[in-house]
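What follows is the content of work-v2.txt, which has compact mmCIF, C-alpha atoms:
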```txt
# COMPACT_ATOMS: atom_id res chain seq x y z
CA MET A 29 0.00 0.00 0.00
CA ILE A 30 1.21 3.47 -0.80
CA HIS A 31 0.12 6.54 1.10
CA ARG A 32 0.60 9.78 -0.77
CA ALA A 33 0.18 13.39 0.31
CA ARG A 34 0.96 16.79 -1.13
CA ARG A 35 3.56 18.48 1.02
CA ALA A 36 1.51 21.66 1.26
CA SER A 37 -1.28 19.72 2.99
CA LEU A 38 0.98 18.40 5.74
CA ARG A 39 1.58 19.97 9.11
CA PRO A 40 5.16 19.58 10.31
CA ARG A 41 5.14 18.19 13.85
CA TRP A 42 8.48 19.21 15.34
CA ASP A 43 7.42 17.77 18.68
CA TRP A 44 7.24 14.28 17.17
CA LEU A 45 10.87 14.16 16.06
CA ASP A 46 13.33 11.94 17.90
CA GLU A 47 16.95 12.95 18.57
CA ALA A 48 18.19 11.71 15.20
CA GLY A 49 15.37 13.50 13.39
CA ARG A 50 16.10 16.76 15.21
CA ARG A 51 19.78 16.51 14.25
CA ARG A 52 18.93 15.94 10.60
CA ALA A 53 16.40 18.77 10.59
CA ALA A 54 18.96 21.13 12.11
CA GLY A 55 21.37 20.33 9.28
CA PHE A 56 19.19 21.96 6.62
CA LEU A 57 20.25 25.49 5.84
CA ARG A 58 16.94 26.88 4.60
CA ALA A 59 13.79 26.98 6.70
CA ALA A 60 11.65 25.73 3.82
CA ASP A 61 13.80 22.61 3.36
CA ARG A 62 13.80 22.02 7.11
CA ALA A 63 10.01 22.28 7.24
CA ALA A 64 9.66 19.95 4.25
CA PHE A 65 11.81 17.34 5.96
CA VAL A 66 9.82 17.57 9.20
CA ALA A 67 6.52 17.43 7.31
CA ALA A 68 7.64 14.25 5.55
CA GLN A 69 8.77 12.67 8.81
CA SER A 70 5.44 13.65 10.40
CA PHE A 71 3.48 12.03 7.59
CA LEU A 72 5.56 8.86 7.92
CA ARG A 73 4.73 8.73 11.63
CA ARG A 74 1.01 9.28 10.96
CA VAL A 75 0.98 6.46 8.42
CA LEU A 76 2.85 4.04 10.67
CA ALA A 77 0.64 5.00 13.61
CA HIS A 78 -2.38 4.08 11.49
CA HIS A 79 -0.88 0.65 10.70
CA THR A 80 0.28 -0.13 14.24
CA GLY A 81 -2.37 1.50 16.42
CA ARG A 82 0.34 3.41 18.31
CA ALA A 83 0.61 7.15 18.82
CA PRO A 84 2.81 8.85 16.18
CA GLN A 85 5.15 10.39 18.72
CA ALA A 86 5.54 7.05 20.53
CA LEU A 87 7.04 5.22 17.52
CA ARG A 88 10.70 4.28 17.88
CA PHE A 89 12.89 3.61 14.89
CA GLY A 90 15.92 1.41 14.58
CA ARG A 91 18.18 0.11 11.82
CA GLY A 92 17.68 -3.34 10.33
CA GLY A 93 19.74 -5.27 7.80
CA ARG A 94 21.97 -3.05 5.61
CA GLY A 95 21.02 -0.09 7.80
CA LYS A 96 17.45 0.13 6.57
CA PRO A 97 15.09 1.97 8.92
CA CYS A 98 12.72 -0.31 10.81
CA LEU A 99 10.12 0.13 13.49
CA ARG A 100 10.97 -1.20 16.94
CA GLY A 101 8.36 -3.65 18.15
CA ALA A 102 6.91 -4.10 14.64
CA ARG A 103 9.67 -5.62 12.54
CA ALA A 104 7.21 -7.43 10.26
CA LEU A 105 5.89 -4.08 9.06
CA ALA A 106 8.06 -2.98 6.13
CA PHE A 107 8.03 0.63 5.10
CA ASN A 108 9.92 3.16 3.04
CA MET A 109 9.38 6.88 2.57
CA ALA A 110 10.41 9.37 -0.08
CA HIS A 111 9.72 13.03 -0.64
CA GLY A 112 10.45 15.13 -3.68
CA GLY A 113 8.92 18.20 -5.27
CA GLU A 114 5.39 18.56 -3.95
CA TRP A 115 4.84 14.99 -2.78
CA VAL A 116 5.54 12.70 0.12
CA VAL A 117 4.96 8.98 -0.43
CA VAL A 118 5.12 6.16 2.10
CA ALA A 119 5.08 2.52 1.02
CA VAL A 120 3.96 -0.03 3.59
CA GLY A 121 3.96 -3.81 3.35
CA HIS A 122 4.05 -6.94 5.44
CA ARG A 123 7.25 -8.98 5.57
CA ARG A 124 8.55 -7.60 2.27
CA ARG A 125 11.52 -5.62 1.18
CA LEU A 126 10.38 -2.47 -0.51
CA GLY A 127 11.68 0.86 -1.65
CA ILE A 128 10.06 3.97 -3.09
CA ASP A 129 11.35 7.11 -4.73
CA VAL A 130 9.70 10.28 -6.06
CA GLU A 131 11.25 13.07 -8.12
CA PRO A 132 9.87 16.15 -9.83
CA VAL A 133 10.10 16.22 -13.63
CA ARG A 134 11.73 19.42 -14.84
CA ARG A 135 14.00 20.66 -17.55
CA ARG A 136 17.67 20.60 -16.62
CA ARG A 137 20.35 22.85 -18.04
CA HIS A 138 22.90 20.02 -18.09
CA LEU A 139 20.72 16.99 -18.79
CA ASP A 140 23.21 15.61 -21.30
CA ALA A 141 26.00 15.79 -18.70
CA VAL A 142 23.78 13.95 -16.20
CA VAL A 143 23.13 11.16 -18.69
CA ALA A 144 26.77 10.91 -19.76
CA ALA A 145 27.99 10.73 -16.16
CA ALA A 146 25.35 8.57 -14.54
CA TYR A 147 23.49 6.45 -17.09
CA ALA A 148 24.58 3.20 -18.67
CA LEU A 149 25.36 3.28 -22.37
CA PRO A 150 22.22 1.43 -23.51
CA ALA A 151 20.07 3.84 -21.47
CA ALA A 152 21.97 6.84 -22.84
CA ARG A 153 21.45 5.60 -26.40
CA THR A 154 17.73 5.15 -25.81
CA LEU A 155 17.48 8.62 -24.34
CA ALA A 156 19.37 10.15 -27.25
CA GLN A 157 16.76 8.77 -29.65
CA LEU A 158 13.88 10.46 -27.86
CA PRO A 159 12.61 13.91 -28.85
CA ALA A 160 14.26 16.52 -26.64
CA SER A 161 10.93 17.37 -25.02
CA GLU A 162 10.55 13.78 -23.75
CA ARG A 163 14.05 13.33 -22.37
CA PRO A 164 13.61 15.02 -18.95
CA ARG A 165 10.70 12.72 -18.12
CA ALA A 166 12.52 9.61 -19.34
CA VAL A 167 15.64 10.50 -17.32
CA VAL A 168 13.56 10.84 -14.17
CA ARG A 169 11.65 7.62 -14.88
CA TRP A 170 14.88 5.65 -15.07
CA TRP A 171 16.18 7.39 -11.96
CA VAL A 172 13.22 6.73 -9.66
CA ARG A 173 13.11 3.08 -10.74
CA ALA A 174 16.81 2.67 -9.94
CA GLU A 175 16.50 4.50 -6.62
CA ALA A 176 13.46 2.44 -5.61
CA CYS A 177 15.40 -0.77 -6.28
CA ALA A 178 18.41 0.53 -4.36
CA LYS A 179 16.26 1.44 -1.37
CA ALA A 180 14.42 -1.90 -1.49
CA THR A 181 17.64 -3.93 -1.44
CA GLY A 182 19.32 -1.57 1.04
CA ARG A 183 22.45 -1.53 -1.11
CA GLY A 184 22.41 2.14 -2.06
CA LEU A 185 22.29 3.46 -5.59
CA THR A 186 25.23 2.35 -7.70
CA LEU A 187 25.93 4.08 -10.95
CA PRO A 188 25.48 3.79 -13.84
CA VAL A 189 21.70 3.80 -13.93
CA GLY A 190 20.18 1.29 -16.29
CA ASP A 191 17.06 -0.79 -16.49
CA ALA A 192 18.29 -3.80 -14.49
CA VAL A 193 15.93 -4.94 -11.75
CA PRO A 194 17.47 -7.01 -8.92
CA ALA A 195 16.55 -10.69 -9.03
CA GLY A 196 13.35 -11.38 -7.12
CA PHE A 197 12.14 -7.78 -7.23
CA ARG A 198 9.37 -6.10 -9.18
CA LEU A 199 8.72 -2.49 -10.12
CA ALA A 200 5.55 -0.47 -10.30
CA MET A 201 5.15 3.16 -11.28
CA VAL A 202 2.99 5.18 -8.89
CA ASP A 203 0.42 7.72 -10.10
CA LEU A 204 0.92 11.23 -8.76
CA ASP A 205 0.58 14.12 -11.23
CA PRO A 206 2.13 15.08 -14.58
CA GLY A 207 4.91 16.98 -12.83
CA HIS A 208 6.23 14.06 -10.80
CA LEU A 209 7.22 10.43 -11.18
CA ALA A 210 7.39 7.81 -8.46
CA ALA A 211 8.37 4.15 -8.51
CA LEU A 212 7.93 1.33 -6.04
CA ALA A 213 10.20 -1.74 -5.90
CA PHE A 214 9.21 -4.81 -3.87
CA ASP A 215 10.17 -8.43 -3.54
CA GLY A 216 8.10 -11.54 -3.34
CA ARG A 217 4.98 -12.53 -5.20
CA PRO A 218 3.21 -10.12 -7.54
CA ALA A 219 0.79 -7.88 -5.70
CA GLY A 220 -1.64 -5.16 -6.65
CA VAL A 221 -0.40 -1.81 -5.43
CA ARG A 222 -3.10 0.23 -3.71
CA VAL A 223 -2.53 3.97 -3.56
CA VAL A 224 -4.42 6.02 -0.95
CA ASP A 225 -4.49 9.72 -0.30
CA GLY A 226 -3.35 10.64 3.16
CA VAL A 227 -3.41 8.17 5.98
CA GLU A 228 -6.74 6.46 5.47
CA GLY A 229 -7.57 7.33 1.88
CA MET B 1012 43.77 24.65 -10.81
CA SER B 1013 43.06 26.09 -7.38
CA LYS B 1014 40.46 24.75 -4.96
CA GLU B 1015 38.96 28.23 -4.86
CA HIS B 1016 38.30 28.03 -8.60
CA ILE B 1017 36.84 24.54 -8.27
CA PHE B 1018 34.58 25.69 -5.42
CA ALA B 1019 33.42 28.65 -7.51
CA VAL B 1020 32.41 26.35 -10.37
CA VAL B 1021 30.61 23.97 -7.98
CA LYS B 1022 28.74 26.92 -6.46
CA LYS B 1023 27.69 28.20 -9.88
CA HIS B 1024 26.19 24.87 -10.88
CA LEU B 1025 24.58 24.39 -7.49
CA ARG B 1026 22.86 27.78 -7.73
CA GLN B 1027 21.61 26.84 -11.20
CA ALA B 1028 20.26 23.49 -9.98
CA VAL B 1029 18.60 24.63 -6.75
CA ASP B 1030 16.12 27.50 -7.00
CA GLY B 1031 16.67 30.45 -4.72
CA LEU B 1032 20.08 29.36 -3.40
CA ALA B 1033 22.43 32.31 -2.84
CA ASP B 1034 26.18 32.14 -3.26
CA GLU B 1035 26.88 33.08 0.34
CA GLN B 1036 24.65 30.26 1.59
CA ILE B 1037 26.87 27.56 0.06
CA GLU B 1038 29.33 26.37 2.71
CA LEU B 1039 32.00 23.72 2.28
CA GLY B 1040 30.91 21.86 5.41
CA LYS B 1041 27.37 21.36 4.14
CA SER B 1042 26.11 18.53 1.97
CA MET B 1043 24.18 19.46 -1.15
CA LYS B 1044 21.10 17.79 0.34
CA GLU B 1045 21.29 20.14 3.31
CA LEU B 1046 21.20 23.02 0.83
CA GLY B 1047 18.00 21.70 -0.75
CA ALA B 1048 19.35 19.62 -3.63
CA ASN B 1049 17.67 16.34 -4.53
CA SER B 1050 19.62 13.34 -5.81
CA LEU B 1051 19.33 14.30 -9.50
CA ASP B 1052 20.34 17.88 -8.70
CA ILE B 1053 23.50 16.51 -7.11
CA VAL B 1054 24.32 14.42 -10.16
CA GLU B 1055 23.77 17.47 -12.35
CA VAL B 1056 26.06 19.66 -10.24
CA VAL B 1057 28.83 17.08 -10.17
CA SER B 1058 28.60 16.13 -13.86
CA ALA B 1059 28.38 19.74 -15.06
CA THR B 1060 31.37 20.67 -12.90
CA MET B 1061 33.43 17.74 -14.18
CA ARG B 1062 32.57 18.68 -17.76
CA GLU B 1063 33.46 22.35 -17.31
CA LEU B 1064 36.73 21.61 -15.55
CA LYS B 1065 37.53 18.68 -17.86
CA ILE B 1066 38.05 16.40 -14.88
CA ARG B 1067 36.81 12.84 -14.48
CA ILE B 1068 36.07 11.20 -11.14
CA PRO B 1069 35.34 7.46 -10.93
CA ARG B 1070 31.68 6.79 -10.18
CA SER B 1071 32.77 4.65 -7.22
CA GLU B 1072 34.35 7.71 -5.58
CA LEU B 1073 31.24 9.85 -6.02
CA SER B 1074 29.11 7.66 -3.78
CA LYS B 1075 31.51 8.24 -0.86
CA LEU B 1076 31.07 12.01 -0.83
CA THR B 1077 29.37 13.46 2.24
CA ASN B 1078 29.78 17.20 1.79
CA ILE B 1079 30.86 19.89 -0.67
CA ALA B 1080 34.38 20.03 0.80
CA GLY B 1081 34.81 16.36 -0.07
CA LEU B 1082 33.71 17.03 -3.65
CA VAL B 1083 36.09 19.98 -4.02
CA ASP B 1084 38.98 17.92 -2.60
CA LEU B 1085 38.23 15.01 -4.91
CA LEU B 1086 38.07 17.30 -7.94
CA GLY B 1087 41.30 18.98 -6.84
CA HIS B 1088 43.12 15.66 -6.58
CA ALA B 1089 41.76 14.54 -9.93
CA ALA B 1090 42.85 17.83 -11.51
CA THR B 1091 46.37 17.40 -10.11
CA ALA B 1092 46.57 13.82 -11.37
CA THR B 1093 45.43 14.89 -14.83
CA ALA B 1094 47.94 17.76 -14.94
CA GLY B 1095 50.82 15.38 -14.13
CA GLN B 1096 50.06 12.96 -16.91
CA PRO B 1097 51.50 13.35 -20.42
CA GLY B 1098 48.81 14.21 -22.90
CA PRO B 1099 48.39 12.75 -26.36
CA PRO B 1100 51.25 13.59 -28.73
CA THR B 1101 50.84 16.71 -30.77
CA ALA B 1102 50.91 16.39 -34.56
CA ASP B 1103 54.52 17.78 -34.53
CA GLN B 1104 55.71 15.22 -31.98
CA ALA B 1105 54.09 12.38 -33.93
CA ALA B 1106 55.82 13.56 -37.13
CA ARG B 1107 59.29 13.79 -35.46
CA SER B 1108 59.00 10.30 -33.97
CA ARG B 1109 58.61 8.69 -37.42
```
I need this file expressed as structure tokens, please.
Amino acid sequence: MIHRARRASLRPRWDWLDEAGRRRAAGFLRAADRAAFVAAQSFLRRVLAHHTGRAPQALRFGRGGRGKPCLRGARALAFNMAHGGEWVVVAVGHRRRLGIDVEPVRRRRHLDAVVAAAYALPAARTLAQLPASERPRAVVRWWVRAEACAKATGRGLTLPVGDAVPAGFRLAMVDLDPGHLAALAFDGRPAGVRVVDGVEG
Amino acid sequence: MSKEHIFAVVKKHLRQAVDGLADEQIELGKSMKELGANSLDIVEVVSATMRELKIRIPRSELSKLTNIAGLVDLLGHAATATAGQPGPPTADQAARSR
């Protein structure tokens, strides 16, 4: 299940942050970025509170295999959160490995340098054959799919980006709006991906 | 190539990639994420900087970077290594060696 929310609709709950969250929030230079981070963390807590029946501020996080965030006292509940542009998305599953990424689609001044530096040759060739107007979207599509896989496996994104999907994993694109792309990667048997707005939909 | 020059180029591309970021806000001790860059912004800044400075950094080194100072240092080392290597022979040198 994926919970999605527009960042503007979220209320950042500074009082819900733990020590690690407060340290990360303090690292952001600009107030708007700090607030966006806290809003995303707040939404994650609301979603996990809904799935566990616990109060959002009472949730305690730890690190599982490969350093992936996990919920103390609810290890069977898998989750992953991403925020980018105007959206925050939280993927939740039971006893699965999953990863999600979201990025805004926008024109980039140095898109060709990005592709040359970070994309595998077959991907770069495919991108070069697209009309220029379609390239920004295609670049982001490849990126969110690769990031989702990296977050699902816990191995971190390794360049170059291509279309390889780790063995045993599947990918699904997530509907947001024309200005954003999001991808979900998950292991195990095929499953329908339900997308809900907010916590309860 | 001085580290000041490298930092100036990094700052230029970072300001272009992240809306509303001012030059004086970009500090060496910060990571690009802390300045509001997303993951693709970071790739754009690094790749555009490498292209402008004609420096290559192995992809494996890029994933180890934690802040802008690390990126500037890495680019500085790569620039020094490139400067110390003999370049391709000029047309004159190739002709004299025959």
Open item on the list: Just the number, please: distance in Å from atom CA of A:Ala110 to atom CA of A:Asp129, one decimal.
Closed with: 5.3 Å
- [ ] Would you work out the distance separating atom CA of B:Asp1052 from atom CA of A:Phe197, expressed in Å to one decimal?
- [x]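 If I compute the distance from atom CA of B:Asp1052 to atom CA of A:Phe197, I get 27.0 Å.
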Open item on the list: Which residues are close to B:Val1057, i.e. within 9 Å by all atoms listed in the file, leaving aside same-chain residues fewer than 5 positions away? Reply as an NGL selection string.
Closed with: (:A and (142 or 145)) or (:B and (1021 or 1024-1025 or 1052 or 1062 or 1073 or 1082))
Draw an axis-aligned box tight on the listed atoms of stretch 142-151 of chain A, then pad every side by 8 Å and write out centre and edge lengths in Å to one decimal as lines of an AutoDock Vina configuration file.
```
center_x = 24.0
center_y = 7.7
center_z = -19.0
size_x = 23.9
size_y = 28.5
size_z = 25.0
```
Open item on the list: Only residues of chain B matter here; which ones have an atom within 9 Å of chain A, counting all atoms listed in the file? Give them as an MDAnalysis selection string.
Closed with: chainID B and resid 1027:1028 1032 1036 1041:1042 1044:1047 1049:1052 1054:1059 1061:1062 1070:1071 1074
TODO: Using atom CA of A:His208 and atom CA of A:Trp115 as the two end points, give the distance in Å to one decimal.
DONE: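 That distance, rounded to one decimal, is 8.2 Å.
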TODO: May I have the residues within 12 Å of stretch 120-125 of chain A as a ChimeraX atom specification, using only C-alpha atoms and disregarding those fewer than 6 positions away in the same chain?
DONE: /A:29-32,72-73,75-80,92-94,96-99,102-110,176-183,194,196-198,212-224,227
Task: Pick from A:Val202, A:Val66, A:Leu87, A:Ala211, whichever lies nearest to A:Arg41 using only C-alpha atoms - done: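 Distance minimum relative to A:Arg41 lands on A:Val66.
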- [ ] May I have the protein, DNA and RNA residues with an atom at most 9 Å from (4.7, 18.5, 13.5), counting all atoms listed in the file in the file's coordinates, returned as a list of chain:residue names?
- [x] A:Leu38, A:Arg39, A:Pro40, A:Arg41, A:Trp42, A:Asp43, A:Trp44, A:Leu45, A:Val66, A:Ala67, A:Gln69, A:Ser70, A:Phe71
So that I have them on file, write out the residues from the current selection with C-alpha atoms, as a PDB file, in the frame of the given file.
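Output file result-v9.pdb is given in full below:
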```
ATOM      1  CA  LEU A  38       0.980  18.400   5.740  1.00  0.00           C
ATOM      2  CA  ARG A  39       1.580  19.970   9.110  1.00  0.00           C
ATOM      3  CA  PRO A  40       5.160  19.580  10.310  1.00  0.00           C
ATOM      4  CA  ARG A  41       5.140  18.190  13.850  1.00  0.00           C
ATOM      5  CA  TRP A  42       8.480  19.210  15.340  1.00  0.00           C
ATOM      6  CA  ASP A  43       7.420  17.770  18.680  1.00  0.00           C
ATOM      7  CA  TRP A  44       7.240  14.280  17.170  1.00  0.00           C
ATOM      8  CA  LEU A  45      10.870  14.160  16.060  1.00  0.00           C
ATOM      9  CA  VAL A  66       9.820  17.570   9.200  1.00  0.00           C
ATOM     10  CA  ALA A  67       6.520  17.430   7.310  1.00  0.00           C
ATOM     11  CA  GLN A  69       8.770  12.670   8.810  1.00  0.00           C
ATOM     12  CA  SER A  70       5.440  13.650  10.400  1.00  0.00           C
ATOM     13  CA  PHE A  71       3.480  12.030   7.590  1.00  0.00           C
TER      14      PHE A  71
END
```
Task: Nearest residue to B:His1088 from the set B:Ala1019, B:Ile1053, B:Ile1066, B:Leu1076 (distances using only C-alpha atoms) - done: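 Closest to B:His1088 of all the choices is B:Ile1066.
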Task: Residue with smallest distance to B:His1016 - pool B:Gly1081, B:Glu1035, B:Pro1069, B:Leu1064, counting all atoms listed in the file - done: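 That would be B:Leu1064, the residue with the smallest distance to B:His1016.
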